[in-house]
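Visitor: As input, take final13.cif (mmCIF, C-alpha atoms):
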data_input
loop_
_atom_site.label_atom_id
_atom_site.label_comp_id
_atom_site.auth_asym_id
_atom_site.auth_seq_id
_atom_site.Cartn_x
_atom_site.Cartn_y
_atom_site.Cartn_z
CA MET A 1 0.00 0.00 0.00
CA ASP A 2 1.09 3.58 -0.53
CA GLY A 3 2.25 5.13 2.69
CA VAL A 4 5.08 6.55 4.70
CA GLN A 5 7.06 3.30 4.56
CA ASP A 6 7.46 3.55 0.78
CA MET A 7 10.34 6.01 0.83
CA GLY A 8 12.44 5.16 -2.22
CA GLY A 9 13.11 8.38 -4.15
CA ASP A 10 10.57 10.39 -2.15
CA PRO A 11 11.80 14.01 -1.90
CA ALA A 12 9.63 14.46 1.21
CA ARG A 13 12.11 12.19 3.05
CA TYR A 14 15.23 13.92 1.75
CA GLY A 15 17.63 15.48 4.17
CA PRO A 16 21.17 15.16 5.41
CA LEU A 17 22.39 11.62 5.98
CA LYS A 18 23.04 10.53 9.53
CA PRO A 19 26.71 10.18 10.41
CA LEU A 20 28.37 6.82 9.94
CA ASP A 21 29.22 5.82 13.48
CA LEU A 22 31.16 2.58 13.69
CA ASP A 23 30.85 2.60 17.47
CA GLU A 24 27.06 2.71 17.47
CA PRO A 25 25.93 -0.18 19.69
CA ALA A 26 23.14 -2.59 18.80
CA PHE A 27 20.91 -0.80 21.30
CA LYS A 28 21.65 2.82 22.09
CA GLN A 29 19.57 2.69 25.26
CA PRO A 30 18.56 -0.32 27.36
CA TRP A 31 14.85 0.09 26.56
CA GLU A 32 15.58 -0.38 22.84
CA GLY A 33 16.80 -3.92 23.47
CA HIS A 34 13.63 -4.65 25.42
CA ALA A 35 11.46 -3.12 22.68
CA PHE A 36 13.26 -5.28 20.11
CA ALA A 37 12.90 -8.55 22.04
CA VAL A 38 9.36 -7.90 23.23
CA THR A 39 8.19 -7.00 19.73
CA LEU A 40 9.57 -10.25 18.34
CA LEU A 41 7.79 -12.18 21.09
CA ALA A 42 4.58 -10.19 20.59
CA ASN A 43 4.64 -11.05 16.92
CA ARG A 44 5.21 -14.69 17.77
CA ALA A 45 2.16 -14.64 20.05
CA ALA A 46 -0.07 -12.58 17.74
CA THR A 47 0.76 -13.95 14.30
CA SER A 48 3.00 -17.01 14.79
CA SER A 49 5.90 -14.81 13.64
CA ASN A 50 4.39 -13.83 10.30
CA VAL A 51 7.04 -11.33 9.19
CA HIS A 52 4.80 -10.01 6.42
CA ALA A 53 1.98 -9.25 8.85
CA PHE A 54 4.53 -7.46 11.01
CA ARG A 55 5.74 -5.32 8.12
CA HIS A 56 2.14 -4.56 7.17
CA ALA A 57 1.49 -3.47 10.75
CA LEU A 58 4.48 -1.11 10.51
CA GLU A 59 2.85 0.44 7.45
CA ARG A 60 -0.33 1.09 9.39
CA VAL A 61 0.99 2.89 12.46
CA PRO A 62 0.33 6.64 12.41
CA GLU A 63 2.82 8.46 10.25
CA GLU A 64 4.18 10.60 13.06
CA VAL A 65 4.80 7.51 15.18
CA TYR A 66 6.47 5.77 12.24
CA LEU A 67 8.81 8.69 11.61
CA ALA A 68 9.56 9.52 15.24
CA ASP A 69 11.54 6.44 16.22
CA TYR A 70 12.48 3.00 14.88
CA TYR A 71 11.74 0.98 18.01
CA GLY A 72 8.82 3.26 18.75
CA ARG A 73 7.20 2.06 15.53
CA TRP A 74 8.14 -1.53 16.34
CA MET A 75 6.25 -1.27 19.63
CA ALA A 76 3.28 0.45 17.96
CA SER A 77 3.16 -2.44 15.46
CA ALA A 78 3.35 -5.00 18.23
CA ASP A 79 0.49 -3.24 20.00
CA LEU A 80 -1.58 -3.22 16.79
CA LEU A 81 -1.01 -6.94 16.14
CA LEU A 82 -1.77 -7.86 19.75
CA GLN A 83 -5.03 -5.92 19.54
CA GLU A 84 -6.01 -7.51 16.23
CA SER A 85 -5.30 -10.95 17.67
CA GLY A 86 -7.46 -10.22 20.68
CA LEU A 87 -4.54 -10.63 23.07
CA LEU A 88 -4.57 -7.07 24.38
CA ALA A 89 -7.35 -4.50 24.55
CA PRO A 90 -7.05 -1.11 22.87
CA GLY A 91 -5.47 1.25 25.36
CA ALA A 92 -3.99 -1.53 27.50
CA VAL A 93 -0.39 -0.49 26.91
CA GLU A 94 -1.16 3.16 27.47
CA ALA A 95 -2.99 2.37 30.73
CA ARG A 96 -0.17 0.15 31.98
CA ALA A 97 2.39 2.82 31.14
CA ARG A 98 0.38 5.40 33.10
CA ARG A 99 0.16 3.07 36.08
CA LEU A 100 3.94 2.55 35.89
CA ARG A 101 4.20 6.32 36.09
CA GLY A 102 2.14 6.32 39.24
CA GLU A 103 -1.18 7.43 37.79
CA ASP A 104 -4.29 5.75 39.13
CA VAL A 105 -5.93 4.60 35.89
CA GLU A 106 -7.99 1.51 35.27
CA GLU A 107 -6.70 -1.12 32.85
CA PRO A 108 -9.14 -2.47 30.24
CA PRO A 109 -10.12 -6.15 30.49
CA ASP A 110 -8.62 -8.55 27.93
CA PRO A 111 -10.75 -9.14 24.83
CA GLU A 112 -11.57 -12.59 23.40
CA PRO A 113 -8.52 -14.07 21.65
CA ASN A 114 -8.99 -13.97 17.90
CA LYS A 115 -5.63 -14.96 16.52
CA PRO A 116 -5.47 -15.10 12.71
CA THR A 117 -4.18 -18.36 11.31
CA MET A 118 -2.69 -19.41 8.03
CA GLU A 119 -1.61 -22.79 6.75
CA THR A 120 2.14 -22.90 6.35
CA ALA A 121 4.33 -25.27 4.37
CA GLY A 122 7.20 -24.92 6.81
CA GLY A 123 9.49 -22.48 8.51
CA GLY A 124 10.98 -19.45 6.88
CA ASN A 125 9.94 -18.04 3.54
CA LEU A 126 11.71 -20.12 0.89
CA ARG A 127 9.41 -22.55 -0.90
CA ALA A 128 9.47 -24.95 -3.83
CA VAL A 129 7.21 -23.96 -6.72
CA ASP A 130 6.27 -26.67 -9.21
CA ALA A 131 5.58 -24.42 -12.18
CA PRO A 132 8.70 -23.43 -14.13
CA PRO A 133 9.82 -19.79 -13.86
CA ALA A 134 8.06 -17.56 -16.38
CA PHE A 135 11.19 -15.47 -17.04
CA ALA A 136 14.86 -16.15 -17.66
CA VAL A 137 17.99 -14.09 -17.11
CA GLY A 138 18.19 -11.45 -19.81
CA ASP A 139 14.43 -11.17 -20.36
CA ARG A 140 13.02 -7.66 -20.53
CA VAL A 141 10.09 -7.25 -18.17
CA ARG A 142 7.68 -4.52 -17.15
CA SER A 143 6.50 -4.14 -13.56
CA GLY A 144 2.86 -3.59 -12.68
CA ALA A 145 1.74 0.03 -12.73
CA GLU A 146 -1.11 -0.18 -10.23
CA ALA A 147 -0.73 0.69 -6.57
CA SER A 148 -1.70 -2.15 -4.24
CA ARG A 149 -4.27 -1.42 -1.55
CA GLY A 150 -2.70 -4.05 0.70
CA HIS A 151 0.82 -5.03 1.59
CA THR A 152 3.28 -5.31 -1.29
CA LYS A 153 7.00 -5.43 -1.96
CA LEU A 154 6.70 -3.47 -5.20
CA PRO A 155 7.64 0.09 -4.23
CA ALA A 156 6.07 3.05 -6.02
CA TYR A 157 9.32 4.09 -7.68
CA ALA A 158 9.60 0.70 -9.45
CA ARG A 159 5.99 0.54 -10.72
CA GLY A 160 5.34 0.48 -14.46
CA LYS A 161 9.06 0.36 -15.32
CA VAL A 162 10.99 -1.77 -17.80
CA GLY A 163 14.02 -3.69 -16.57
CA THR A 164 16.07 -6.80 -17.21
CA ILE A 165 16.04 -10.04 -15.24
CA SER A 166 19.54 -10.32 -13.77
CA ALA A 167 19.09 -13.39 -11.54
CA LEU A 168 16.55 -15.98 -10.45
CA ARG A 169 16.22 -16.09 -6.67
CA PRO A 170 14.62 -18.84 -4.58
CA ALA A 171 10.82 -18.98 -4.77
CA GLN A 172 9.25 -17.41 -1.70
CA VAL A 173 6.03 -16.92 0.22
CA LEU A 174 4.13 -14.06 -1.45
CA PRO A 175 4.10 -11.12 1.01
CA ASP A 176 1.03 -9.56 -0.62
CA SER A 177 -0.99 -12.59 0.38
CA ALA A 178 0.71 -13.76 3.58
CA ALA A 179 0.60 -10.33 5.22
CA HIS A 180 -3.19 -10.62 5.20
CA PHE A 181 -3.22 -14.31 6.27
CA LEU A 182 -4.62 -15.24 2.84
CA GLY A 183 -2.15 -18.05 2.26
CA GLU A 184 1.49 -18.44 1.36
CA ASN A 185 0.90 -18.63 -2.42
CA PRO A 186 4.65 -18.89 -3.12
CA GLU A 187 6.02 -17.45 -6.35
CA HIS A 188 9.27 -17.31 -8.24
CA VAL A 189 11.37 -14.26 -7.38
CA TYR A 190 13.66 -12.39 -9.74
CA SER A 191 16.34 -9.78 -9.35
CA VAL A 192 15.40 -7.12 -11.88
CA ALA A 193 17.90 -4.46 -12.91
CA PHE A 194 16.60 -1.03 -13.93
CA ASP A 195 18.63 1.75 -15.46
CA GLY A 196 18.57 4.92 -13.35
CA ARG A 197 17.17 6.86 -16.32
CA GLU A 198 14.23 4.45 -16.64
CA LEU A 199 13.34 5.18 -13.02
CA TRP A 200 14.13 8.88 -12.76
CA GLY A 201 14.37 10.30 -16.26
CA PRO A 202 17.17 11.39 -18.58
CA ASP A 203 18.91 13.55 -15.98
CA SER A 204 19.44 10.64 -13.59
CA GLU A 205 22.88 9.91 -12.23
CA PRO A 206 24.42 6.99 -14.15
CA PHE A 207 23.68 3.87 -12.08
CA SER A 208 21.55 0.74 -12.04
CA LEU A 209 19.01 -0.28 -9.43
CA THR A 210 18.38 -3.96 -8.78
CA ILE A 211 15.34 -5.05 -6.83
CA ASP A 212 13.86 -8.48 -6.06
CA LEU A 213 10.36 -8.76 -7.50
CA PHE A 214 7.76 -11.52 -7.34
CA GLU A 215 6.61 -13.13 -10.56
CA SER A 216 3.06 -11.72 -10.40
CA TYR A 217 4.49 -8.19 -10.32
CA LEU A 218 6.01 -8.67 -13.78
CA GLU A 219 5.07 -9.16 -17.40
CA LYS A 220 7.27 -9.79 -20.40
CA THR A 221 7.71 -6.84 -22.74
CA MET B 1 -4.01 11.38 17.40
CA THR B 2 -5.47 7.94 18.00
CA ASP B 3 -6.49 5.59 15.23
CA GLU B 4 -9.43 3.20 15.55
CA LEU B 5 -7.26 0.58 17.24
CA GLY B 6 -5.91 2.95 19.82
CA THR B 7 -2.33 2.93 18.53
CA THR B 8 -1.55 6.34 19.81
CA GLY B 9 0.48 9.02 18.27
CA GLY B 10 1.01 12.17 20.25
CA SER B 11 1.02 10.25 23.54
CA ASP B 12 3.10 11.79 26.29
CA ILE B 13 4.32 8.36 27.37
CA ASP B 14 8.05 8.07 26.75
CA LEU B 15 9.26 5.06 24.80
CA ALA B 16 11.18 3.52 27.70
CA THR B 17 8.00 3.42 29.81
CA ARG B 18 6.05 2.11 26.83
CA ALA B 19 8.57 -0.74 26.45
CA GLU B 20 8.28 -1.57 30.14
CA ALA B 21 4.47 -1.54 29.92
CA LEU B 22 4.37 -3.80 26.87
CA GLU B 23 6.84 -6.21 28.43
CA SER B 24 4.99 -6.46 31.74
CA LEU B 25 1.64 -7.09 29.99
CA LEU B 26 3.13 -9.89 27.88
CA VAL B 27 5.02 -11.49 30.74
CA GLU B 28 1.89 -11.51 32.93
CA ARG B 29 -0.03 -13.30 30.19
CA GLY B 30 2.71 -15.86 29.62
CA LEU B 31 3.33 -14.53 26.10
CA ALA B 32 6.92 -13.54 26.90
CA ASP B 33 9.41 -14.43 29.60
CA THR B 34 12.24 -12.35 30.93
CA LYS B 35 14.85 -15.04 30.28
CA THR B 36 14.08 -15.17 26.54
CA ILE B 37 14.02 -11.38 26.40
CA GLU B 38 17.45 -11.18 28.03
CA THR B 39 18.78 -13.87 25.67
CA PHE B 40 17.57 -11.98 22.58
CA ILE B 41 19.16 -8.76 23.84
CA ARG B 42 22.46 -10.38 24.78
CA THR B 43 22.66 -12.24 21.46
CA TYR B 44 22.52 -9.06 19.40
CA GLU B 45 24.69 -7.12 21.82
CA THR B 46 27.50 -9.63 21.92
CA SER B 47 27.53 -12.48 19.41
CA VAL B 48 25.70 -11.33 16.28
CA GLY B 49 27.20 -8.25 14.67
CA PRO B 50 29.49 -6.92 11.95
CA MET B 51 32.46 -8.84 13.38
CA ASN B 52 30.83 -11.92 11.83
CA GLY B 53 30.66 -10.41 8.37
CA ALA B 54 34.22 -9.14 8.77
CA LYS B 55 35.40 -12.75 9.27
CA VAL B 56 33.61 -13.77 6.08
CA VAL B 57 35.25 -10.95 4.12
CA ALA B 58 38.74 -11.59 5.52
CA LYS B 59 38.47 -15.27 4.70
CA ALA B 60 37.33 -14.47 1.16
CA TRP B 61 40.32 -12.14 0.76
CA THR B 62 42.80 -14.80 1.83
CA ASP B 63 41.25 -18.02 0.52
CA PRO B 64 40.37 -17.97 -3.20
CA GLU B 65 38.43 -21.23 -3.00
CA TYR B 66 36.31 -19.88 -0.15
CA LYS B 67 35.69 -16.70 -2.12
CA ALA B 68 34.51 -18.75 -5.10
CA ARG B 69 32.10 -20.69 -2.87
CA LEU B 70 30.92 -17.46 -1.23
CA LEU B 71 30.04 -15.85 -4.54
CA GLU B 72 28.43 -19.06 -5.81
CA ASP B 73 26.32 -19.85 -2.72
CA GLY B 74 26.52 -17.15 -0.08
CA THR B 75 24.22 -18.87 2.40
CA ALA B 76 26.28 -22.09 2.46
CA ALA B 77 29.68 -20.39 2.56
CA ILE B 78 28.61 -18.02 5.35
CA GLY B 79 27.10 -21.02 7.14
CA GLU B 80 30.51 -22.73 7.02
CA LEU B 81 31.67 -20.12 9.54
CA GLY B 82 28.64 -20.79 11.72
CA PHE B 83 26.66 -17.67 10.79
CA LYS B 84 23.01 -18.33 10.10
CA GLY B 85 19.64 -17.43 11.56
CA PRO B 86 16.82 -14.92 11.22
CA GLN B 87 17.13 -12.45 8.34
CA GLY B 88 19.80 -14.60 6.72
CA GLU B 89 17.63 -17.22 5.06
CA HIS B 90 19.15 -16.71 1.62
CA MET B 91 22.38 -14.73 1.40
CA VAL B 92 23.84 -13.29 -1.79
CA VAL B 93 27.31 -11.76 -1.80
CA LEU B 94 28.03 -8.84 -4.16
CA GLU B 95 31.68 -8.37 -5.03
CA ASN B 96 33.02 -4.83 -5.36
CA THR B 97 35.80 -4.52 -7.92
CA PRO B 98 37.77 -1.66 -9.51
CA ALA B 99 34.96 -1.53 -12.12
CA VAL B 100 31.78 -2.08 -10.06
CA HIS B 101 30.61 -0.64 -6.74
CA HIS B 102 27.56 -2.16 -5.00
CA VAL B 103 25.50 -0.51 -2.28
CA VAL B 104 22.53 -2.05 -0.44
CA VAL B 105 19.33 -0.54 0.99
CA CYS B 106 15.83 -1.57 2.00
CA THR B 107 13.50 1.24 0.94
CA LEU B 108 10.27 -0.34 2.25
CA CYS B 109 11.45 -1.26 5.75
CA SER B 110 15.00 -1.76 7.00
CA CYS B 111 15.77 -5.34 6.01
CA TYR B 112 19.37 -6.16 6.83
CA PRO B 113 21.45 -9.37 6.97
CA TRP B 114 21.38 -9.93 10.72
CA PRO B 115 23.60 -13.06 10.95
CA VAL B 116 26.57 -11.27 9.37
CA LEU B 117 25.99 -7.62 10.28
CA GLY B 118 23.77 -7.67 13.37
CA LEU B 119 20.99 -5.13 13.72
CA PRO B 120 20.97 -2.14 11.36
CA PRO B 121 22.60 1.12 12.46
CA SER B 122 20.67 4.41 12.64
CA TRP B 123 21.83 5.74 9.28
CA TYR B 124 20.58 2.62 7.47
CA LYS B 125 17.10 2.91 9.02
CA ASP B 126 16.94 6.65 8.45
CA PRO B 127 14.45 8.02 5.88
CA ALA B 128 17.10 10.15 4.16
CA TYR B 129 19.19 7.10 3.28
CA ARG B 130 16.20 4.98 2.25
CA ALA B 131 14.80 7.78 0.07
CA ARG B 132 17.98 9.06 -1.53
CA VAL B 133 20.24 6.11 -2.23
CA VAL B 134 17.92 4.65 -4.89
CA ARG B 135 17.76 8.02 -6.65
CA GLU B 136 21.15 9.65 -6.23
CA PRO B 137 23.56 7.00 -4.97
CA ARG B 138 26.67 8.81 -6.12
CA ALA B 139 25.63 11.94 -4.20
CA VAL B 140 24.90 9.81 -1.12
CA LEU B 141 28.30 8.11 -1.29
CA ALA B 142 30.04 11.45 -1.83
CA GLU B 143 28.25 12.96 1.18
CA TRP B 144 29.87 10.25 3.30
CA GLY B 145 33.24 10.89 1.68
CA THR B 146 33.18 7.84 -0.57
CA GLU B 147 34.40 8.87 -3.99
CA VAL B 148 33.35 6.59 -6.81
CA PRO B 149 34.99 7.63 -10.11
CA ASP B 150 32.70 8.21 -13.09
CA ASP B 151 34.05 5.17 -14.90
CA VAL B 152 33.07 2.86 -12.03
CA GLU B 153 29.61 1.37 -12.39
CA VAL B 154 27.31 1.92 -9.39
CA ARG B 155 24.77 -0.81 -8.66
CA VAL B 156 22.21 -0.22 -5.93
CA TYR B 157 20.36 -3.24 -4.49
CA ASP B 158 16.97 -2.72 -2.84
CA SER B 159 16.38 -5.72 -0.51
CA SER B 160 12.71 -6.18 -1.25
CA SER B 161 12.39 -9.96 -0.81
CA GLU B 162 13.80 -12.33 1.81
CA VAL B 163 17.14 -12.39 -0.03
CA ARG B 164 19.76 -10.55 2.02
CA TYR B 165 22.82 -8.97 0.45
CA LEU B 166 26.36 -8.66 1.79
CA VAL B 167 28.90 -6.54 -0.07
CA LEU B 168 32.37 -8.05 -0.41
CA PRO B 169 34.51 -4.91 -0.37
CA GLU B 170 37.81 -4.56 -2.22
CA ARG B 171 40.86 -5.53 -0.23
CA PRO B 172 42.88 -2.38 0.30
CA ALA B 173 46.37 -2.05 -1.13
CA GLY B 174 49.23 -2.46 1.31
CA THR B 175 47.63 -5.26 3.31
CA GLU B 176 49.49 -8.15 1.65
CA SER B 177 51.37 -9.06 4.84
CA LEU B 178 48.35 -9.00 7.17
CA SER B 179 46.87 -12.13 8.73
CA GLU B 180 43.22 -13.06 8.31
CA ASP B 181 42.48 -11.77 11.82
CA ASP B 182 44.27 -8.48 11.16
CA LEU B 183 42.33 -8.09 7.93
CA ALA B 184 39.02 -8.78 9.67
CA ALA B 185 39.80 -5.93 12.07
CA LEU B 186 39.87 -3.51 9.11
CA VAL B 187 36.45 -4.49 7.73
CA THR B 188 33.55 -2.24 8.78
CA ARG B 189 29.80 -2.70 8.53
CA ASP B 190 29.72 0.43 6.39
CA ALA B 191 31.93 -1.26 3.81
CA MET B 192 29.83 -4.44 3.91
CA VAL B 193 26.72 -2.39 3.03
CA GLY B 194 28.75 -0.57 0.39
CA VAL B 195 28.67 3.01 1.67
CA ARG B 196 32.39 3.11 2.46
CA LYS B 197 35.50 1.36 1.24
CA VAL B 198 37.85 -0.57 3.49
CA GLU B 199 40.99 1.37 4.31
CA ALA B 200 44.36 0.07 5.40
CA LEU B 201 45.33 1.54 8.76
#
Show me the file's structure as structure tokens.
Guide:
Amino acid sequence: MDGVQDMGGDPARYGPLKPLDLDEPAFKQPWEGHAFAVTLLANRAATSSNVHAFRHALERVPEEVYLADYYGRWMASADLLLQESGLLAPGAVEARARRLRGEDVEEPPDPEPNKPTMETAGGGNLRAVDAPPAFAVGDRVRSGAEASRGHTKLPAYARGKVGTISALRPAQVLPDSAAHFLGENPEHVYSVAFDGRELWGPDSEPFSLTIDLFESYLEKT
Amino acid sequence: MTDELGTTGGSDIDLATRAEALESLLVERGLADTKTIETFIRTYETSVGPMNGAKVVAKAWTDPEYKARLLEDGTAAIGELGFKGPQGEHMVVLENTPAVHHVVVCTLCSCYPWPVLGLPPSWYKDPAYRARVVREPRAVLAEWGTEVPDDVEVRVYDSSSEVRYLVLPERPAGTESLSEDDLAALVTRDAMVGVRKVEAL
């Protein structure tokens, strides 16, 4: 879906780069480590560790929360998935936080669990696909031009563009489907190389952009 | 602002308190336990980080057969050194040469090869990097002091599937006498994403 997460080439997100700091620790503050671990465990509880559902949750947190902090948006996504799975009530985290701060607020009762399920062919995301790949290295392909209303791994900047298949990658669970618990529907995946000018016009810097795209995103030109 | 599910923006709760609240709610319900939480934190603080990728690179620089295996099947060759796990399901290694410079990003989230590089640093997760490097990579590299001559091809990789990319940087001149361990000490995460080159000390 179109949204704040789809940042590639978006001038609204331009600005100075952050400094390269080789001494930056994994977690800059202790709470970040807890947010990281707790979010992974929340996603395990809420979605059986469906990474696509987690990324789709990240896309749905309010834009200002998304942009404010990386682990802040992780926790907001965890909260969203826990609510949608009926494991926590809306406002439960906020109420607990206020109590931790010493405020006398009531905590909402837990809702009925309503965890979404999806049949899975195994761990991870790599899958065997019986049908032969539709494209081969060197084929010219065009990506779909339509925006998806749901989760997708086709960013806006790569929509409706012509590129060249540069490699076949392992077939994988289709994020567009799995993020919504609609099934794994695995597809072949291709690295597709686009010329900078195809993406950004004749004044583009000289470079190529390679992105991994699922078979259903592509058609032969 | 609060959306229909109560995921609040504009809350005055600081993130540290929010983390503590979320953790206590999950622990009380048996959905998380403090031992697992501590293990996750310790793992990424101490044993999974760019020092792993640096070992892969140093070995590739000193062992041509390993390098050939690494470029042929990154997952297996990296696994030989014991590095595998979440966000490393299928690894592809991109070799930088005097003619080609690779740089890696994830524009849609912040996908990153955890088993070899650990968790992503701030600059990699930052909107400016995610937005700009797919549109003006040479300007991005130059802003960080990485000069890529005009006759060197720049290839940007956007990690949009579960494939994770590791850049094999060029071995710097003047390091012929260094041991594998000494070489590993020169290799930075920045170079393994492709935003810097490795420099001899």
Visitor: Output the contact residues of chain B with respect to chain A at a cut-off of 6 Å, based on only C-alpha atoms, as a compact mmCIF listing (two decimals) with C-alpha atoms, keeping the file's coordinate frame.
Guide:
# COMPACT_ATOMS: atom_id res chain seq x y z
CA LEU B 5 -7.26 0.58 17.24
CA GLY B 6 -5.91 2.95 19.82
CA GLY B 9 0.48 9.02 18.27
CA ALA B 16 11.18 3.52 27.70
CA THR B 17 8.00 3.42 29.81
CA ARG B 18 6.05 2.11 26.83
CA ALA B 19 8.57 -0.74 26.45
CA ALA B 21 4.47 -1.54 29.92
CA LEU B 22 4.37 -3.80 26.87
CA ILE B 37 14.02 -11.38 26.40
CA PHE B 40 17.57 -11.98 22.58
CA ILE B 41 19.16 -8.76 23.84
CA GLU B 45 24.69 -7.12 21.82
CA THR B 107 13.50 1.24 0.94
CA LEU B 108 10.27 -0.34 2.25
CA TRP B 123 21.83 5.74 9.28
CA PRO B 127 14.45 8.02 5.88
CA ALA B 128 17.10 10.15 4.16
CA ARG B 130 16.20 4.98 2.25
CA ALA B 131 14.80 7.78 0.07
CA ARG B 132 17.98 9.06 -1.53
CA ARG B 135 17.76 8.02 -6.65
CA VAL B 154 27.31 1.92 -9.39
CA ARG B 155 24.77 -0.81 -8.66
CA VAL B 156 22.21 -0.22 -5.93
CA TYR B 157 20.36 -3.24 -4.49
CA ASP B 158 16.97 -2.72 -2.84
CA SER B 160 12.71 -6.18 -1.25
CA SER B 161 12.39 -9.96 -0.81
Visitor: Rounded to one decimal place, report the CA of Asp176 (chain A)-CA of Leu117 (chain B) distance in Å.
Guide: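 One can read the CA of Asp176 (chain A) to CA of Leu117 (chain B) distance as 27.3 Å.
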Visitor: Fewer than 4 positions away in the same chain doesn't count, so skip those; otherwise give me all residues within 8 Å of Val129 (chain A), counting only C-alpha atoms, as a PDB file with C-alpha atoms, in the coordinates of the input.
Guide:
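Dumped everything to out25.pdb:
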ATOM      1  CA  ALA A 171      10.820 -18.980  -4.770  1.00  0.00           C
ATOM      2  CA  PRO A 186       4.650 -18.890  -3.120  1.00  0.00           C
ATOM      3  CA  GLU A 187       6.020 -17.450  -6.350  1.00  0.00           C
ATOM      4  CA  HIS A 188       9.270 -17.310  -8.240  1.00  0.00           C
TER       5      HIS A 188
END
Visitor: Report, in Å with one decimal, the straight-line distance from CA of Thr34 (chain B) to CA of Thr46 (chain B).
Guide: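 Atom-to-atom, CA of Thr34 (chain B) and CA of Thr46 (chain B) are spaced 17.9 Å apart.
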Visitor: Check what the PyMOL selection byres ((chain A and resi 136-151) around 6) selects in the file above and give those residues as a list in words.
Guide: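 This file gives the following for the PyMOL selection byres ((chain A and resi 136-151) around 6): Met1, His56, Phe135, Thr152, Arg159, Gly160, Lys161, Val162, Gly163, Thr164, Ile165, Ser166, Ala167, Asp176, Tyr217, Leu218, Glu219, Lys220 and Thr221 of chain A.
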Visitor: Could you tell me which of B:Val167, B:Leu15, B:Leu119, B:Leu178 comes closest to Asp190 (chain B) if we count all atoms listed in the file?
Guide: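 So, comparing all the options, the nearest one is B:Val167.
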Visitor: At what distance in Å, to one decimal, does CA of Val103 (chain B) lie from CA of Asp203 (chain A)?
Guide: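 Separating CA of Asp203 (chain A) from CA of Val103 (chain B) is a distance of 20.7 Å.
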Visitor: Which neighbours of Pro116 (chain A) fall inside 8 Å, counting all atoms listed in the file, when residues of the same chain fewer than 4 positions from it are skipped, and could you give them as a PDB file with C-alpha atoms, keeping the file's coordinate frame?
Guide:
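Below you can see around-v9.pdb, which holds the result:
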ATOM      1  CA  ALA A  46      -0.070 -12.580  17.740  1.00  0.00           C
ATOM      2  CA  THR A  47       0.760 -13.950  14.300  1.00  0.00           C
ATOM      3  CA  SER A  85      -5.300 -10.950  17.670  1.00  0.00           C
ATOM      4  CA  PHE A 181      -3.220 -14.310   6.270  1.00  0.00           C
TER       5      PHE A 181
END
Visitor: Could you pull the residues within 9 Å of region 98-101 of chain B, counting all atoms listed in the file, minus those fewer than 6 positions along the same chain, as a PDB file with C-alpha atoms, in the frame of the given file?
Guide:
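As written to disk, result-v6.pdb reads:
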ATOM      1  CA  VAL B 148      33.350   6.590  -6.810  1.00  0.00           C
ATOM      2  CA  ASP B 151      34.050   5.170 -14.900  1.00  0.00           C
ATOM      3  CA  VAL B 152      33.070   2.860 -12.030  1.00  0.00           C
ATOM      4  CA  GLU B 153      29.610   1.370 -12.390  1.00  0.00           C
ATOM      5  CA  VAL B 154      27.310   1.920  -9.390  1.00  0.00           C
ATOM      6  CA  ARG B 155      24.770  -0.810  -8.660  1.00  0.00           C
ATOM      7  CA  VAL B 156      22.210  -0.220  -5.930  1.00  0.00           C
ATOM      8  CA  PRO B 169      34.510  -4.910  -0.370  1.00  0.00           C
ATOM      9  CA  GLU B 170      37.810  -4.560  -2.220  1.00  0.00           C
ATOM     10  CA  GLY B 194      28.750  -0.570   0.390  1.00  0.00           C
TER      11      GLY B 194
END
Visitor: Do a neighbour search on region 73-88 of chain B at 8 Å with only C-alpha atoms, toss out local chain neighbours closer than 2 positions, and write the hits as a ChimeraX atom specification.
Guide: /B:52,56,66,69-71,90-93,111-116,162-164
Visitor: May I have the protein, DNA and RNA residues with an atom at most 10 Å from (43.4, -13.0, 8.2), counting all atoms listed in the file in the file's coordinates, returned as a tab-separated table (two decimals) with C-alpha atoms, keeping the file's coordinate frame?
Guide:
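Wrote it out as result36.tsv, contents follow:
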chain	number	residue	atom	x	y	z
B	54	ALA	CA	34.22	-9.14	8.77
B	55	LYS	CA	35.40	-12.75	9.27
B	57	VAL	CA	35.25	-10.95	4.12
B	58	ALA	CA	38.74	-11.59	5.52
B	59	LYS	CA	38.47	-15.27	4.70
B	60	ALA	CA	37.33	-14.47	1.16
B	61	TRP	CA	40.32	-12.14	0.76
B	62	THR	CA	42.80	-14.80	1.83
B	63	ASP	CA	41.25	-18.02	0.52
B	177	SER	CA	51.37	-9.06	4.84
B	178	LEU	CA	48.35	-9.00	7.17
B	179	SER	CA	46.87	-12.13	8.73
B	180	GLU	CA	43.22	-13.06	8.31
B	181	ASP	CA	42.48	-11.77	11.82
B	182	ASP	CA	44.27	-8.48	11.16
B	183	LEU	CA	42.33	-8.09	7.93
B	184	ALA	CA	39.02	-8.78	9.67
B	185	ALA	CA	39.80	-5.93	12.07
Visitor: Mind working out the centre and edge lengths of an axis-aligned box for region 109-126 of chain B, all listed atoms inside, 6 Å added to each side, rounded to one decimal in Å and written as JSON?
Guide:
{"center_x": 19.0, "center_y": -3.2, "center_z": 9.7, "size_x": 27.1, "size_y": 31.7, "size_z": 20.0}
Visitor: Return the single residue from B:Thr146, B:Thr175, B:Ser159, B:Ser110 that is closest to Val195 (chain B), with distances computed using all atoms listed in the file.
Guide: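 Smallest separation from Val195 (chain B) among the options: B:Thr146.
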Visitor: Of the candidates B:Gly53, B:Pro149, B:Leu94, B:Val104, which shows the shortest atom-to-atom distance to Tyr129 (chain B), using only C-alpha atoms?
Guide: B:Val104
